[in-house]
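Everything on this sheet refers to the single structure shown next.
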Amino acid sequence: MIVDIYNTDRRYNIIYADPPYRFSQGINPRTTFQEKAKEELNLHYQTMSDREIMDFKFEQIAADDCVLFLWTTDAHLPVALKMIENNGFTYKTIAFVWDKQKSYMGKWTVKCCEICLLATRGQAHKLVKNFKVRQLISERKTEHSAKPQKAYENIVSMFGDIPKIELFARKQVDGWDSWGNEVEE
Ligand SMILES: C[S@@+](CC[C@H](N)C(=O)[O-])C[C@H]1O[C@@H](n2cnc3c(N)ncnc32)[C@H](O)[C@@H]1O
């Protein structure tokens with residue numbers, strides 16, 4: 001079900017989010033190869049500035065006990081941590097490291113992974129039913145920005161069937177509510 005997060009009484013124990021981080025701003029003819037590649041990444045969908053992401057509010061849909069799973073790029077880690085803090089959540093751990101089974105040149109090292117942070121509010125630890133889910137997800141990257149199917153499965157495996165929503169979703173997933181400007185009925 002698609003939900004308007006600014007106009008709903010629903011409260012979720014699980015919030016799963018993959019924000020549209022913006023890479024570099026504007027076109028500069030002297031940009032490096034890597035920077036040009038990042039500019040191209042911005043063309044796939046509407047993106048948000050670091051400030052917009054840090055100020056993005058989702059606490060209004062969080063249950064008292066709530067776990068946030070938040071994807072971040074390496075470069076946007078400080079932005080993601082600020083977003084967590086600004087919503088009254090506490091960063092706990094890296095829930096998932098996704099090995100995309102594909103590599104590309106980074107500015108410092110050859111990149112092949114993305115990380116999904118876990119943050120909580122309230123007594124969220126008591127929601128966990130299965131502590132045996134592995135941190136590493138090894139699944140080949142498909143379309144731009146699409147996250148691995150295994151991430152949804154892992155979260156359900158950890159918590160069972162409790163109220164959950166995906167923010168910045170592009171498709172609806174069975175058992176999950178969703179919100180995002182590209183998600184369709
Ligand atoms: C990183 S993608 C999400 C990809 C998704 N996790 C997947 O596996 O396909 C971010 C999404 O947020 C959407 N988006 C951008 N700005 C938005 C806004 N202001 N409000 C809602 N959605 C927005 C983008 O259009 C895009 O669909």
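Identifiers for the structure tokens are assigned positionally: chains receive A, B, ... in sequence, residues are indexed from 1 per chain, and ligands are indexed from 1 in the order shown.
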
Name the residues of chain A that come out as helix (DSSP H, G or I) in a backbone DSSP run; write them as a ChimeraX atom specification.
-> /A:33-41,50-55,59-61,77-86,124-127,149-159

Do you have, as a Markdown table, the list of residues of chain A lying at most 8 Å from ligand 1, each with its nearest atom pair and that distance in Å to one decimal, counting only C-alpha atoms and all ligand atoms and ordered by chain then number?
```
| residue | atom | partner | partner_atom_place_in_ligand_line | distance |
| --- | --- | --- | --- | --- |
| A:Ala17 | CA | ligand 1 | 6 (N) | 7.1 |
| A:Asp18 | CA | ligand 1 | 6 (N) | 4.9 |
| A:Pro19 | CA | ligand 1 | 10 (C) | 5.1 |
| A:Pro20 | CA | ligand 1 | 10 (C) | 4.1 |
| A:Tyr21 | CA | ligand 1 | 1 (C) | 7.0 |
| A:His44 | CA | ligand 1 | 25 (O) | 7.9 |
| A:Tyr45 | CA | ligand 1 | 25 (O) | 4.5 |
| A:Gln46 | CA | ligand 1 | 15 (C) | 4.4 |
| A:Thr47 | CA | ligand 1 | 15 (C) | 4.8 |
| A:Met48 | CA | ligand 1 | 16 (N) | 5.7 |
| A:Glu143 | CA | ligand 1 | 9 (O) | 7.8 |
| A:His144 | CA | ligand 1 | 9 (O) | 7.7 |
| A:Ser145 | CA | ligand 1 | 4 (C) | 5.1 |
| A:Ala146 | CA | ligand 1 | 8 (O) | 3.3 |
| A:Lys147 | CA | ligand 1 | 8 (O) | 4.0 |
| A:Pro148 | CA | ligand 1 | 8 (O) | 7.0 |
| A:Leu167 | CA | ligand 1 | 22 (N) | 7.6 |
| A:Phe168 | CA | ligand 1 | 12 (O) | 4.0 |
| A:Ala169 | CA | ligand 1 | 5 (C) | 5.1 |
| A:Arg170 | CA | ligand 1 | 9 (O) | 4.9 |
| A:Lys171 | CA | ligand 1 | 9 (O) | 6.8 |
| A:Trp179 | CA | ligand 1 | 21 (C) | 7.0 |
| A:Gly180 | CA | ligand 1 | 22 (N) | 3.9 |
| A:Asn181 | CA | ligand 1 | 22 (N) | 4.0 |
| A:Glu182 | CA | ligand 1 | 27 (O) | 4.9 |
| A:Val183 | CA | ligand 1 | 27 (O) | 7.2 |
```

Just N, CA and C atoms for this one: save the residues we selected as a CSV table (one decimal), in the first residue's frame.
```csv
chain,number,residue,atom,x,y,z
A,17,ALA,N,14.9,2.9,4.3
A,17,ALA,CA,15.0,4.0,3.5
A,17,ALA,C,16.3,4.0,2.7
A,18,ASP,N,16.1,4.5,1.4
A,18,ASP,CA,17.3,4.6,0.5
A,18,ASP,C,17.2,6.0,-0.1
A,19,PRO,N,17.7,7.0,0.6
A,19,PRO,CA,17.4,8.4,0.1
A,19,PRO,C,18.2,8.7,-1.3
A,20,PRO,N,17.6,9.7,-2.0
A,20,PRO,CA,18.2,10.0,-3.3
A,20,PRO,C,19.4,11.0,-3.1
A,21,TYR,N,20.5,10.5,-2.6
A,21,TYR,CA,21.6,11.3,-2.4
A,21,TYR,C,22.1,12.0,-3.7
A,44,HIS,N,19.4,9.8,-13.0
A,44,HIS,CA,18.5,8.7,-13.1
A,44,HIS,C,17.2,9.0,-12.4
A,45,TYR,N,17.2,9.9,-11.4
A,45,TYR,CA,15.9,10.3,-10.7
A,45,TYR,C,16.2,11.6,-10.0
A,46,GLN,N,15.1,12.2,-9.5
A,46,GLN,CA,15.3,13.4,-8.8
A,46,GLN,C,16.1,13.2,-7.5
A,47,THR,N,17.0,14.0,-7.2
A,47,THR,CA,17.9,13.8,-6.1
A,47,THR,C,17.6,14.9,-5.0
A,48,MET,N,18.1,14.8,-3.8
A,48,MET,CA,18.0,15.8,-2.8
A,48,MET,C,19.4,16.2,-2.3
A,143,GLU,N,19.7,-2.9,-11.9
A,143,GLU,CA,19.5,-1.6,-12.4
A,143,GLU,C,20.1,-0.5,-11.4
A,144,HIS,N,20.3,0.7,-12.0
A,144,HIS,CA,20.9,1.8,-11.2
A,144,HIS,C,20.2,2.0,-9.8
A,145,SER,N,20.9,1.9,-8.8
A,145,SER,CA,20.4,2.2,-7.4
A,145,SER,C,19.5,1.1,-6.8
A,146,ALA,N,19.1,0.1,-7.6
A,146,ALA,CA,18.2,-0.9,-7.0
A,146,ALA,C,19.0,-1.7,-5.9
A,147,LYS,N,18.4,-1.8,-4.8
A,147,LYS,CA,19.0,-2.5,-3.7
A,147,LYS,C,18.6,-4.0,-3.7
A,148,PRO,N,19.5,-4.8,-3.0
A,148,PRO,CA,19.2,-6.3,-3.2
A,148,PRO,C,17.9,-6.7,-2.5
A,167,LEU,N,10.8,3.8,2.5
A,167,LEU,CA,10.7,5.2,2.0
A,167,LEU,C,11.6,5.4,0.8
A,168,PHE,N,11.3,6.3,-0.1
A,168,PHE,CA,12.0,6.5,-1.4
A,168,PHE,C,11.9,5.2,-2.2
A,169,ALA,N,10.8,4.5,-2.1
A,169,ALA,CA,10.6,3.2,-2.8
A,169,ALA,C,10.4,3.5,-4.3
A,170,ARG,N,10.8,2.5,-5.1
A,170,ARG,CA,10.5,2.6,-6.5
A,170,ARG,C,9.4,1.6,-7.0
A,171,LYS,N,9.3,0.6,-6.1
A,171,LYS,CA,8.3,-0.4,-6.4
A,171,LYS,C,7.6,-0.8,-5.1
A,179,TRP,N,6.4,4.5,0.1
A,179,TRP,CA,6.3,6.0,-0.2
A,179,TRP,C,7.5,6.4,-1.0
A,180,GLY,N,7.2,7.2,-2.0
A,180,GLY,CA,8.3,7.7,-2.9
A,180,GLY,C,7.7,8.3,-4.1
A,181,ASN,N,8.4,9.2,-4.8
A,181,ASN,CA,7.8,9.9,-5.9
A,181,ASN,C,7.7,9.0,-7.2
A,182,GLU,N,8.3,7.8,-7.2
A,182,GLU,CA,8.3,7.0,-8.4
A,182,GLU,C,7.4,5.7,-8.2
A,183,VAL,N,7.0,5.5,-7.0
A,183,VAL,CA,6.3,4.2,-6.7
A,183,VAL,C,4.9,4.3,-7.2
```

Spatial neighbours of segment 128-137 of chain A, 12 Å, only C-alpha atoms, chain gap at least 3 places, as JSON, numbers by chain = {"A": [13, 14, 65, 66, 67, 93, 94, 95, 96, 97, 98, 99, 100, 101, 112, 113, 114, 115, 116, 117, 118, 120, 123, 124, 125, 140, 141, 147, 148, 149, 150, 151, 152, 153, 154, 155, 156, 157, 158, 159, 160, 161, 162]}

Residue subset to file, keeping C-alpha atoms, as a short mmCIF file (atom, residue, chain, number, x, y, z; two decimals), in the first residue's frame:
```cif
data_model
loop_
_atom_site.label_atom_id
_atom_site.label_comp_id
_atom_site.auth_asym_id
_atom_site.auth_seq_id
_atom_site.Cartn_x
_atom_site.Cartn_y
_atom_site.Cartn_z
CA ASN A 13 8.24 -0.56 13.79
CA ILE A 14 10.50 -0.84 10.75
CA ASP A 65 9.90 1.16 19.36
CA CYS A 66 11.33 1.49 15.87
CA VAL A 67 14.27 0.25 13.82
CA THR A 93 25.50 -0.62 13.77
CA ILE A 94 25.99 -1.45 10.10
CA ALA A 95 23.18 -3.90 9.47
CA PHE A 96 24.21 -4.95 5.98
CA VAL A 97 27.26 -4.75 3.78
CA TRP A 98 26.21 -5.40 0.21
CA ASP A 99 28.83 -6.94 -2.06
CA LYS A 100 27.51 -5.95 -5.49
CA GLN A 101 29.69 -8.47 -7.31
CA CYS A 112 32.36 -2.94 -4.70
CA CYS A 113 30.16 -2.53 -1.60
CA GLU A 114 27.37 -0.41 -0.13
CA ILE A 115 26.34 -0.21 3.48
CA CYS A 116 22.98 -0.07 5.25
CA LEU A 117 23.02 1.53 8.70
CA LEU A 118 20.79 0.44 11.57
CA THR A 120 16.77 2.78 16.70
CA GLN A 123 13.11 -0.39 23.13
CA ALA A 124 13.68 -1.63 19.61
CA HIS A 125 16.06 -4.46 20.45
CA ARG A 140 24.84 -8.98 -8.19
CA LYS A 141 23.91 -5.33 -8.78
CA LYS A 147 19.02 -2.49 -3.66
CA PRO A 148 19.24 -6.26 -3.19
CA GLN A 149 16.09 -8.31 -2.67
CA LYS A 150 17.88 -10.07 0.16
CA ALA A 151 17.71 -6.90 2.28
CA TYR A 152 13.89 -7.14 2.48
CA GLU A 153 14.11 -10.85 3.24
CA ASN A 154 16.69 -10.31 5.97
CA ILE A 155 14.58 -7.69 7.71
CA VAL A 156 11.49 -9.94 7.67
CA SER A 157 13.64 -12.81 8.91
CA MET A 158 14.89 -10.67 11.81
CA PHE A 159 11.54 -9.20 12.89
CA GLY A 160 8.73 -11.29 11.46
CA ASP A 161 5.54 -9.65 10.27
CA ILE A 162 5.44 -6.26 11.98
#
```

Assign secondary structure with DSSP using the backbone only, and return the residues of segment 29-147 of chain A in strand (DSSP E) as a VMD selection string.
-> chain A and resid 62 to 72 90 to 105 110 to 121 136 to 138

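Residue neighbourhood of Asp177 of chain A, excluding near-sequence residues (fewer than 4 positions): Met1, Ile2, Val3, Lys164, Ile165, Glu166, Gln172 and Val173 of chain A, at 8 Å, using only C-alpha atoms.
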
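Coordinates place atom CA of Phe56 of chain A at a distance of 11.4 Å from atom CA of Tyr6 of chain A.
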
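Among A:Lys82, A:Arg11, A:His76, A:Lys92, the residue with the shortest atom-to-atom distance to Glu59 of chain A, counting only C-alpha atoms, is A:Arg11.
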
Contacts of Ser49 of chain A at 8 Å (only C-alpha atoms; same-chain gap of 3+ positions) as a PyMOL selection string = chain A and resi 21-22+52-53

Go ahead and save the residues from that selection, with C-alpha atoms, as a PDB file, in the first residue's frame.
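So the final result, stored in selection31.pdb, reads:
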```
ATOM      1  CA  TYR A  21      21.645  11.343  -2.350  1.00  0.00           C
ATOM      2  CA  ARG A  22      23.012  13.930  -4.758  1.00  0.00           C
ATOM      3  CA  GLU A  52      17.308  18.344   2.411  1.00  0.00           C
ATOM      4  CA  ILE A  53      18.258  14.825   3.425  1.00  0.00           C
TER       5      ILE A  53
END
```

For Val79 of chain A, the nearest of the candidates A:Asp4, A:Glu184, A:Asp50, A:Asp64, counting only C-alpha atoms = A:Asp50
